[in-house]
Structure formats: structure tokens, C-alpha cells
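Data first, discussion second: the structure below is written as C-alpha cells.
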Amino acid sequence: MKSSNIGGQAVLEGIMMKHKDDYAVAVRKPDGEIFVQKETYRSIVYRWKKLTEIPFIRGVFNFIDSMVLGMKTLTYSASFYEDEEEKELTEKEASRQEKKESLLMGVTVAFSLVAAVAIFMVLPYFLSSLLKSYIPSYGVRTVIEGFVRIGIFILYVLLISRMEDIQRTFMYHGAEHKCINCIEHGLPLTVENVRSSSRQHKRCGTSFLFLVLAISIIMLLLVRAETPLMRIVIRIVLLPVIAGVSYEFLKLAGRSENPVVNLFSRPGLAIQKLTTKEPDDGMIEVAIQAVEAVFDWRAYEAENFHTAADH
């Protein structure tokens, strides 16, 4: 399998696909038409873009970029399903509205990060601390804390997957993966080929989040502190390091079929069975249009598969 370096995200009734700095959002409108918008994304550290290329550092900035772009494209897709009675804005009002939405998006991303740290890093520590009377070993409690963290994550996914809108979003998530797998296995990007492709992919954001939770167990066993306050501080301070290591492993997994790498990828792929569902043909059509807006899969196929076959 050849890595295509194309990634994406499911949005409301659609899919965002990104390749290099270009991204496209394809949305199935209420009238059934597929609308595709292509844009260029500017990184949050565009002035120092080298930061997104340095190993173990780039993972942090790429993760934040993916959150910002994800919120932006999700909001954009939702606009197709807003109340159609909204009045048409003047140019000045539209500019003011855009600034307000940009500020709101920044606050939302910041709040999401703080909430994620509180729920997935700090809360499991407090829960595991309740076992101190029964389990005096800090190392054993740290391992238990790690499994509590993973358990909270799985429970969260199970709870949100019961929502109808989320179920459809997970179907579009499946269509996104199937398209990328279809391309990376050298198959023409058709509905039939995409349908028969796997809905699991090693470079998925779900796998990244699982790796962050799993690698945190190892990191917290290696870096210790004496006081409860410092233990909480360490859990927060180490997050960028954990994210950086997780990102590098994810990139390696995307281009490697090494048995050891595949073994460590399995838990993330297993959890993807919860966050991806089998899409219908209409969703696959949306995914294909999103891919074709930013990625020349025919040229990729000719370069990576026909050339190899000739040799």
C-alpha cells in the first residue's frame, strides 16, 4: 500500500478532504445536489511553517490545525441546513459576522482543548487516586489510570454514536476512509471500488487519539512527581510531547506494513469500528467529489502502480 498523504474528516452530510495546503468540502444539500467548495488552508503558524515539518514538534501544530479546520468545515457544512428565512447580509454585516464566527471558533477550539485535558487527563488521575488506600503503588495506579482514560474515551464514543446525526456522520467517516484506501491500493476511484474497500485506516484521527491515551501511560510511568499538584502539572505539560510521539507513530504506520507497527495499530483500528459505519452509495459519491477536488488520483495511480508493474 502506498501512502497518499491525503486526509479528511466527515462533516454534516458531507466530507472534507485535504491534500497539502488545499482542502475541499463536499456537501449533499437538502435538495440532493452535491456542492463542492475548494479552499487553501493557512496554518495557525503560517509565519513559521517549518514548525509543521520538524519531527516530534509538528504533531502538536498539525493536531491544532486539524481541530481548527475541522470546526471551520463543520460550521460551513451546517450552514446548508440552517433556517432559509435568514435575511441576506450586506457586505459590512457579512464581514462583521465572519469576524464574530472566527472569534467564536477560536473560543470553541480553546474550550474543547481545556475540556479534553480535564476529562481525559485530570479526571482519570483523581479517580485512580481514590484507590490509594487499597493500592499503595503509584506505578500500578498510573497503569489503572491509563485504562480508566481509555475506558472514558470508549464510553464517550459509544454514547455519542447513539445520536442519529452522529450515526450519519460516522457513515460519511467510513466513506472518507474507503476512498483513501481505494486510492492507496491502486484502484480507480469508482463507487464500486470504494464500496469494496476497507472503512478502517491506520492514519485516522481516532487512532491518533487512542495512541495519545495509550502512550500517556508509558510517559507518566517514566516521569514522576512527589506531590499531587505536580502530578497534575506533569499530565498537562507532557501532552505536547505525547501528541508529538503519537503523530510520528501514526505517520510511520501509514507508510509501513511492518508486523510490529501493524500490531500496535490494531487497537486504534478496532476502535474505528465504532467511529466508522458502512456508507450508502450517495455518501460515497460525495466523498469521491471531495477527493477529486484536491487530489489527482489518476496521476497518483499511474506514478505509483503502473510504473511498479512495468518493472
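Chain identifiers are assigned as A, B, and so on, following the order in which chains appear in the C-alpha cells; residues are numbered from 1 within each chain, and ligands are numbered from 1 in order of appearance.
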Cut-off 12 Å: closest segment 229-253 of chain A/segment 5-16 of chain A atom pairs per residue, using only C-alpha atoms, as JSON lines:
```
{"residue": "A:Leu250", "atom": "CA", "partner": "A:Asn5", "partner_atom": "CA", "distance": 11.7}
{"residue": "A:Lys251", "atom": "CA", "partner": "A:Asn5", "partner_atom": "CA", "distance": 9.2}
{"residue": "A:Leu252", "atom": "CA", "partner": "A:Asn5", "partner_atom": "CA", "distance": 11.7}
```
How would the residues just picked look written out with all heavy atoms as a short mmCIF file (atom, residue, chain, number, x, y, z; two decimals), in the first residue's frame?
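Everything below was put into result.cif:
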```cif
data_model
loop_
_atom_site.label_atom_id
_atom_site.label_comp_id
_atom_site.auth_asym_id
_atom_site.auth_seq_id
_atom_site.Cartn_x
_atom_site.Cartn_y
_atom_site.Cartn_z
N LEU A 250 1.90 7.52 13.98
CA LEU A 250 0.80 7.46 13.01
C LEU A 250 1.32 7.61 11.59
O LEU A 250 0.86 6.91 10.67
CB LEU A 250 -0.23 8.55 13.34
CG LEU A 250 -1.68 8.26 12.93
CD1 LEU A 250 -2.25 7.14 13.79
CD2 LEU A 250 -2.53 9.51 13.08
N LYS A 251 2.26 8.54 11.39
CA LYS A 251 2.84 8.73 10.05
C LYS A 251 3.60 7.47 9.62
O LYS A 251 3.52 7.07 8.46
CB LYS A 251 3.78 9.94 10.05
CG LYS A 251 3.06 11.28 9.97
CD LYS A 251 4.02 12.43 9.78
CE LYS A 251 4.60 12.47 8.39
NZ LYS A 251 3.63 12.84 7.36
N LEU A 252 4.34 6.88 10.56
CA LEU A 252 5.07 5.65 10.25
C LEU A 252 4.10 4.53 9.89
O LEU A 252 4.31 3.80 8.91
CB LEU A 252 5.91 5.24 11.46
CG LEU A 252 6.60 3.87 11.39
CD1 LEU A 252 7.64 3.85 10.28
CD2 LEU A 252 7.24 3.52 12.74
#
```
Quick one: everything within 12 Å of Tyr172 of chain A, counting only C-alpha atoms, minus sequence neighbours fewer than 5 positions away in the same chain. Send it as number ranges by chain. A: 8-17, 26-28, 165-167, 177-179, 199, 275-288, 290
Do a neighbour search on Val223 of chain A at 12 Å with only C-alpha atoms, toss out local chain neighbours closer than 3 positions, and write the hits as a PyMOL selection string. chain A and resi 138-139+142+216-220+226+230-235+237-238+241
Generate the output file for the selected residues, C-alpha atoms, as a PDB file, in the first residue's frame.
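The new file again17.pdb reads:
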```pdb
ATOM      1  CA  TYR A 138       1.925   4.752  42.297  1.00  0.00           C
ATOM      2  CA  GLY A 139       3.070   2.809  39.211  1.00  0.00           C
ATOM      3  CA  THR A 142      -0.828   5.038  36.906  1.00  0.00           C
ATOM      4  CA  SER A 216       0.490   8.653  28.114  1.00  0.00           C
ATOM      5  CA  ILE A 217       0.630   5.527  30.315  1.00  0.00           C
ATOM      6  CA  ILE A 218       4.298   4.913  29.379  1.00  0.00           C
ATOM      7  CA  MET A 219       5.267   8.594  29.653  1.00  0.00           C
ATOM      8  CA  LEU A 220       3.670   9.013  33.084  1.00  0.00           C
ATOM      9  CA  GLU A 226       6.002  13.639  44.555  1.00  0.00           C
ATOM     10  CA  MET A 230       2.929  18.448  40.398  1.00  0.00           C
ATOM     11  CA  ARG A 231       1.446  15.193  39.106  1.00  0.00           C
ATOM     12  CA  ILE A 232      -1.428  17.160  37.544  1.00  0.00           C
ATOM     13  CA  VAL A 233       1.020  19.716  36.117  1.00  0.00           C
ATOM     14  CA  ILE A 234       3.101  16.920  34.581  1.00  0.00           C
ATOM     15  CA  ARG A 235      -0.001  15.409  32.919  1.00  0.00           C
ATOM     16  CA  VAL A 237       2.913  19.658  30.382  1.00  0.00           C
ATOM     17  CA  LEU A 238       3.639  16.245  28.857  1.00  0.00           C
ATOM     18  CA  VAL A 241       5.326  15.503  23.949  1.00  0.00           C
TER      19      VAL A 241
END
```
In Å, rounded to a single decimal, give me how far atom CA of Ala118 of chain A is from atom CA of Leu159 of chain A. 18.6 Å
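For the set A:Pro124, A:Ala78, A:Leu158, A:Leu229, the residue with the smallest atom-to-atom gap to Lys273 of chain A is A:Leu158, counting only C-alpha atoms.
Take atom CA of Ser112 of chain A and atom CA of Met67 of chain A: the distance between them is 9.3 Å.
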Going by DSSP on the backbone, which residues of segment 51-187 of chain A come out as alpha helix (DSSP H)? List them as a CSV table (one decimal) with N, CA and C atoms, in the first residue's frame.
```
chain,number,residue,atom,x,y,z
A,58,ARG,N,6.0,18.9,15.0
A,58,ARG,CA,5.0,19.1,14.0
A,58,ARG,C,3.6,18.5,14.5
A,59,GLY,N,3.6,17.4,15.2
A,59,GLY,CA,2.4,16.8,15.6
A,59,GLY,C,1.5,17.6,16.4
A,60,VAL,N,2.0,18.5,17.3
A,60,VAL,CA,1.2,19.4,18.1
A,60,VAL,C,0.5,20.4,17.2
A,61,PHE,N,1.3,21.0,16.3
A,61,PHE,CA,0.7,22.1,15.5
A,61,PHE,C,-0.3,21.5,14.4
A,62,ASN,N,0.1,20.3,13.9
A,62,ASN,CA,-0.8,19.7,12.9
A,62,ASN,C,-2.1,19.3,13.6
A,63,PHE,N,-2.1,18.9,14.9
A,63,PHE,CA,-3.3,18.5,15.6
A,63,PHE,C,-4.2,19.7,15.8
A,64,ILE,N,-3.6,20.8,16.2
A,64,ILE,CA,-4.4,22.0,16.4
A,64,ILE,C,-4.9,22.5,15.1
A,65,ASP,N,-4.1,22.5,14.0
A,65,ASP,CA,-4.6,22.8,12.7
A,65,ASP,C,-5.8,22.0,12.3
A,66,SER,N,-5.7,20.7,12.6
A,66,SER,CA,-6.8,19.8,12.2
A,66,SER,C,-8.1,20.1,13.0
A,67,MET,N,-7.9,20.6,14.2
A,67,MET,CA,-9.1,21.0,15.0
A,67,MET,C,-9.7,22.2,14.5
A,68,VAL,N,-8.9,23.2,14.2
A,68,VAL,CA,-9.4,24.5,13.6
A,68,VAL,C,-10.1,24.3,12.3
A,69,LEU,N,-9.4,23.5,11.4
A,69,LEU,CA,-10.0,23.3,10.1
A,69,LEU,C,-11.3,22.4,10.2
A,70,GLY,N,-11.3,21.5,11.2
A,70,GLY,CA,-12.4,20.6,11.4
A,70,GLY,C,-13.6,21.4,11.8
A,71,MET,N,-13.4,22.4,12.8
A,71,MET,CA,-14.5,23.2,13.3
A,71,MET,C,-15.0,24.1,12.1
A,72,LYS,N,-14.1,24.7,11.4
A,72,LYS,CA,-14.5,25.6,10.3
A,72,LYS,C,-15.3,24.9,9.2
A,73,THR,N,-14.9,23.7,8.8
A,73,THR,CA,-15.6,23.0,7.8
A,73,THR,C,-16.9,22.4,8.3
A,74,LEU,N,-17.0,22.0,9.6
A,74,LEU,CA,-18.2,21.5,10.2
A,74,LEU,C,-19.3,22.7,10.2
A,75,THR,N,-18.8,23.9,10.6
A,75,THR,CA,-19.7,25.0,10.6
A,75,THR,C,-20.2,25.3,9.2
A,76,TYR,N,-19.3,25.2,8.3
A,76,TYR,CA,-19.7,25.5,6.9
A,76,TYR,C,-20.7,24.6,6.4
A,77,SER,N,-20.5,23.3,6.7
A,77,SER,CA,-21.5,22.3,6.2
A,77,SER,C,-22.8,22.5,6.9
A,78,ALA,N,-22.8,22.9,8.1
A,78,ALA,CA,-24.1,23.1,8.8
A,78,ALA,C,-24.9,24.3,8.3
A,91,GLU,N,-22.4,43.7,2.8
A,91,GLU,CA,-21.0,43.3,2.8
A,91,GLU,C,-20.4,43.7,4.2
A,92,LYS,N,-20.8,44.8,4.8
A,92,LYS,CA,-20.3,45.2,6.1
A,92,LYS,C,-20.8,44.2,7.2
A,93,GLU,N,-22.1,43.9,7.1
A,93,GLU,CA,-22.6,42.9,8.1
A,93,GLU,C,-22.0,41.5,7.9
A,94,ALA,N,-21.7,41.1,6.7
A,94,ALA,CA,-21.1,39.8,6.4
A,94,ALA,C,-19.7,39.8,7.0
A,95,SER,N,-19.0,40.9,6.8
A,95,SER,CA,-17.6,41.0,7.4
A,95,SER,C,-17.6,40.9,8.9
A,96,ARG,N,-18.6,41.6,9.5
A,96,ARG,CA,-18.7,41.6,11.0
A,96,ARG,C,-19.1,40.2,11.4
A,97,GLN,N,-20.0,39.6,10.7
A,97,GLN,CA,-20.4,38.2,11.1
A,97,GLN,C,-19.3,37.2,11.0
A,98,GLU,N,-18.4,37.4,9.9
A,98,GLU,CA,-17.3,36.5,9.7
A,98,GLU,C,-16.3,36.6,10.9
A,99,LYS,N,-16.0,37.9,11.3
A,99,LYS,CA,-15.1,38.1,12.4
A,99,LYS,C,-15.7,37.5,13.7
A,100,LYS,N,-17.0,37.6,13.9
A,100,LYS,CA,-17.6,37.1,15.1
A,100,LYS,C,-17.5,35.5,15.1
A,101,GLU,N,-17.7,34.9,13.9
A,101,GLU,CA,-17.7,33.5,13.8
A,101,GLU,C,-16.2,33.0,14.0
A,102,SER,N,-15.2,33.8,13.5
A,102,SER,CA,-13.8,33.4,13.7
A,102,SER,C,-13.5,33.5,15.2
A,103,LEU,N,-13.9,34.5,15.9
A,103,LEU,CA,-13.7,34.6,17.3
A,103,LEU,C,-14.3,33.4,18.1
A,104,LEU,N,-15.6,33.1,17.7
A,104,LEU,CA,-16.3,32.1,18.4
A,104,LEU,C,-15.6,30.7,18.1
A,105,MET,N,-15.1,30.5,16.9
A,105,MET,CA,-14.4,29.3,16.6
A,105,MET,C,-13.1,29.1,17.4
A,106,GLY,N,-12.4,30.2,17.6
A,106,GLY,CA,-11.2,30.2,18.4
A,106,GLY,C,-11.5,29.9,19.9
A,107,VAL,N,-12.6,30.5,20.4
A,107,VAL,CA,-13.0,30.2,21.8
A,107,VAL,C,-13.5,28.7,21.9
A,108,THR,N,-14.2,28.2,20.9
A,108,THR,CA,-14.7,26.9,20.9
A,108,THR,C,-13.5,25.9,20.9
A,109,VAL,N,-12.5,26.1,20.1
A,109,VAL,CA,-11.4,25.2,20.0
A,109,VAL,C,-10.6,25.2,21.3
A,110,ALA,N,-10.4,26.4,21.9
A,110,ALA,CA,-9.7,26.6,23.2
A,110,ALA,C,-10.5,25.8,24.3
A,111,PHE,N,-11.8,26.0,24.3
A,111,PHE,CA,-12.6,25.4,25.3
A,111,PHE,C,-12.6,23.9,25.2
A,112,SER,N,-12.6,23.4,23.9
A,112,SER,CA,-12.6,22.0,23.6
A,112,SER,C,-11.3,21.3,24.1
A,113,LEU,N,-10.2,22.1,23.9
A,113,LEU,CA,-8.9,21.6,24.4
A,113,LEU,C,-8.8,21.5,25.9
A,114,VAL,N,-9.3,22.5,26.6
A,114,VAL,CA,-9.3,22.6,28.1
A,114,VAL,C,-10.2,21.5,28.6
A,115,ALA,N,-11.4,21.3,28.0
A,115,ALA,CA,-12.3,20.3,28.4
A,115,ALA,C,-11.7,18.9,28.2
A,116,ALA,N,-11.1,18.7,27.1
A,116,ALA,CA,-10.4,17.4,26.8
A,116,ALA,C,-9.4,17.0,27.8
A,117,VAL,N,-8.5,18.0,28.2
A,117,VAL,CA,-7.5,17.8,29.2
A,117,VAL,C,-8.1,17.5,30.5
A,123,LEU,N,-9.2,14.1,35.2
A,123,LEU,CA,-10.3,13.3,35.9
A,123,LEU,C,-9.8,11.8,36.2
A,124,PRO,N,-9.2,11.1,35.2
A,124,PRO,CA,-8.7,9.8,35.5
A,124,PRO,C,-7.7,9.7,36.6
A,125,TYR,N,-6.9,10.8,36.7
A,125,TYR,CA,-5.9,10.8,37.8
A,125,TYR,C,-6.6,10.9,39.2
A,126,PHE,N,-7.6,11.7,39.3
A,126,PHE,CA,-8.4,11.8,40.6
A,126,PHE,C,-9.1,10.5,40.9
A,127,LEU,N,-9.7,9.9,39.8
A,127,LEU,CA,-10.4,8.6,40.1
A,127,LEU,C,-9.4,7.5,40.5
A,128,SER,N,-8.2,7.5,39.9
A,128,SER,CA,-7.2,6.4,40.3
A,128,SER,C,-6.7,6.7,41.7
A,129,SER,N,-6.7,8.0,42.1
A,129,SER,CA,-6.2,8.4,43.4
A,129,SER,C,-7.1,7.9,44.6
A,138,TYR,N,2.3,3.7,43.2
A,138,TYR,CA,1.9,4.8,42.3
A,138,TYR,C,2.0,4.2,40.9
A,139,GLY,N,2.9,3.4,40.6
A,139,GLY,CA,3.1,2.8,39.2
A,139,GLY,C,1.8,2.0,38.8
A,140,VAL,N,1.3,1.2,39.7
A,140,VAL,CA,0.1,0.4,39.4
A,140,VAL,C,-1.1,1.3,39.2
A,141,ARG,N,-1.2,2.3,40.1
A,141,ARG,CA,-2.3,3.3,39.9
A,141,ARG,C,-2.2,4.0,38.6
A,142,THR,N,-1.0,4.3,38.2
A,142,THR,CA,-0.8,5.0,36.9
A,142,THR,C,-1.3,4.2,35.7
A,143,VAL,N,-1.0,2.9,35.8
A,143,VAL,CA,-1.5,2.0,34.7
A,143,VAL,C,-3.0,1.9,34.8
A,144,ILE,N,-3.6,1.8,36.0
A,144,ILE,CA,-5.1,1.8,36.1
A,144,ILE,C,-5.6,3.1,35.6
A,145,GLU,N,-5.0,4.2,35.9
A,145,GLU,CA,-5.4,5.5,35.4
A,145,GLU,C,-5.5,5.5,33.9
A,146,GLY,N,-4.5,4.9,33.3
A,146,GLY,CA,-4.4,4.9,31.8
A,146,GLY,C,-5.6,4.1,31.2
A,147,PHE,N,-5.9,3.0,31.9
A,147,PHE,CA,-7.1,2.2,31.4
A,147,PHE,C,-8.4,2.9,31.6
A,148,VAL,N,-8.5,3.6,32.7
A,148,VAL,CA,-9.7,4.4,33.0
A,148,VAL,C,-9.8,5.5,31.9
A,149,ARG,N,-8.7,6.1,31.5
A,149,ARG,CA,-8.7,7.1,30.5
A,149,ARG,C,-9.2,6.5,29.2
A,150,ILE,N,-8.7,5.4,28.8
A,150,ILE,CA,-9.2,4.7,27.6
A,150,ILE,C,-10.6,4.3,27.7
A,151,GLY,N,-11.0,3.9,28.9
A,151,GLY,CA,-12.4,3.5,29.1
A,151,GLY,C,-13.4,4.7,28.9
A,152,ILE,N,-13.0,5.8,29.5
A,152,ILE,CA,-13.8,7.1,29.3
A,152,ILE,C,-14.0,7.4,27.8
A,153,PHE,N,-12.9,7.3,27.1
A,153,PHE,CA,-12.9,7.6,25.7
A,153,PHE,C,-13.9,6.7,24.9
A,154,ILE,N,-13.8,5.4,25.2
A,154,ILE,CA,-14.7,4.4,24.5
A,154,ILE,C,-16.1,4.7,24.9
A,155,LEU,N,-16.4,5.0,26.2
A,155,LEU,CA,-17.7,5.2,26.7
A,155,LEU,C,-18.3,6.5,26.0
A,156,TYR,N,-17.4,7.5,25.8
A,156,TYR,CA,-17.8,8.7,25.2
A,156,TYR,C,-18.3,8.5,23.7
A,157,VAL,N,-17.5,7.7,23.0
A,157,VAL,CA,-17.8,7.3,21.6
A,157,VAL,C,-19.1,6.5,21.5
A,158,LEU,N,-19.3,5.6,22.4
A,158,LEU,CA,-20.5,4.8,22.5
A,158,LEU,C,-21.7,5.6,22.7
A,159,LEU,N,-21.6,6.6,23.6
A,159,LEU,CA,-22.7,7.5,23.9
A,159,LEU,C,-23.1,8.4,22.8
A,160,ILE,N,-22.1,9.0,22.1
A,160,ILE,CA,-22.5,9.9,21.0
A,160,ILE,C,-22.9,9.2,19.8
A,164,GLU,N,-28.7,10.2,16.1
A,164,GLU,CA,-28.9,9.9,14.7
A,164,GLU,C,-28.0,10.7,13.8
A,165,ASP,N,-27.8,12.0,14.1
A,165,ASP,CA,-26.9,12.8,13.2
A,165,ASP,C,-25.4,12.2,13.3
A,166,ILE,N,-25.0,11.8,14.5
A,166,ILE,CA,-23.7,11.2,14.6
A,166,ILE,C,-23.5,9.9,13.8
A,167,GLN,N,-24.6,9.1,13.8
A,167,GLN,CA,-24.6,7.9,13.1
A,167,GLN,C,-24.3,8.1,11.6
A,168,ARG,N,-25.0,9.2,11.1
A,168,ARG,CA,-24.8,9.5,9.7
A,168,ARG,C,-23.4,10.1,9.4
A,169,THR,N,-22.9,10.8,10.4
A,169,THR,CA,-21.6,11.4,10.3
A,169,THR,C,-20.5,10.2,10.3
A,170,PHE,N,-20.8,9.2,11.1
A,170,PHE,CA,-19.9,8.0,11.1
A,170,PHE,C,-19.9,7.3,9.8
A,171,MET,N,-21.1,7.3,9.1
A,171,MET,CA,-21.2,6.7,7.8
A,171,MET,C,-20.3,7.5,6.8
A,172,TYR,N,-20.4,8.8,6.8
A,172,TYR,CA,-19.5,9.6,6.0
A,172,TYR,C,-18.1,9.4,6.3
A,173,HIS,N,-17.8,9.2,7.6
A,173,HIS,CA,-16.4,8.9,8.0
A,173,HIS,C,-15.9,7.6,7.4
A,174,GLY,N,-16.8,6.6,7.3
A,174,GLY,CA,-16.5,5.4,6.6
A,174,GLY,C,-16.2,5.6,5.2
A,175,ALA,N,-17.0,6.5,4.5
A,175,ALA,CA,-16.8,6.8,3.1
A,175,ALA,C,-15.5,7.5,2.9
A,176,GLU,N,-15.1,8.3,3.8
A,176,GLU,CA,-13.8,9.0,3.7
A,176,GLU,C,-12.6,8.0,3.7
A,177,HIS,N,-12.7,7.1,4.6
A,177,HIS,CA,-11.6,6.1,4.7
A,177,HIS,C,-11.6,5.1,3.5
A,178,LYS,N,-12.8,4.8,3.1
A,178,LYS,CA,-12.9,3.9,1.9
A,178,LYS,C,-12.3,4.5,0.7
A,179,CYS,N,-12.5,5.8,0.5
A,179,CYS,CA,-11.9,6.5,-0.7
A,179,CYS,C,-10.4,6.5,-0.6
A,180,ILE,N,-9.9,6.8,0.6
A,180,ILE,CA,-8.4,6.9,0.7
A,180,ILE,C,-7.8,5.5,0.5
A,181,ASN,N,-8.4,4.5,1.1
A,181,ASN,CA,-7.9,3.1,0.9
A,181,ASN,C,-8.0,2.6,-0.5
A,182,CYS,N,-9.1,3.0,-1.2
A,182,CYS,CA,-9.2,2.7,-2.6
A,182,CYS,C,-8.1,3.3,-3.4
A,183,ILE,N,-7.7,4.5,-3.2
A,183,ILE,CA,-6.6,5.2,-3.9
A,183,ILE,C,-5.3,4.5,-3.6
A,184,GLU,N,-5.1,4.3,-2.3
A,184,GLU,CA,-3.8,3.8,-1.9
A,184,GLU,C,-3.5,2.3,-2.2
```
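Taking only C-alpha atoms into account, Ser161 of chain A lies nearest to A:Gln272 out of the set A:Leu187, A:Gln272, A:Tyr41, A:Val291.
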My list of candidates is A:Ala24, A:Ser3, A:Ala299, A:Lys50. Which is closest to Arg255 of chain A when distances are computed with only C-alpha atoms? A:Ser3
Just give me the gap between atom CA of Phe208 of chain A and atom CA of Phe249 of chain A in Å, one decimal is fine.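 A separation of 8.8 Å between them.
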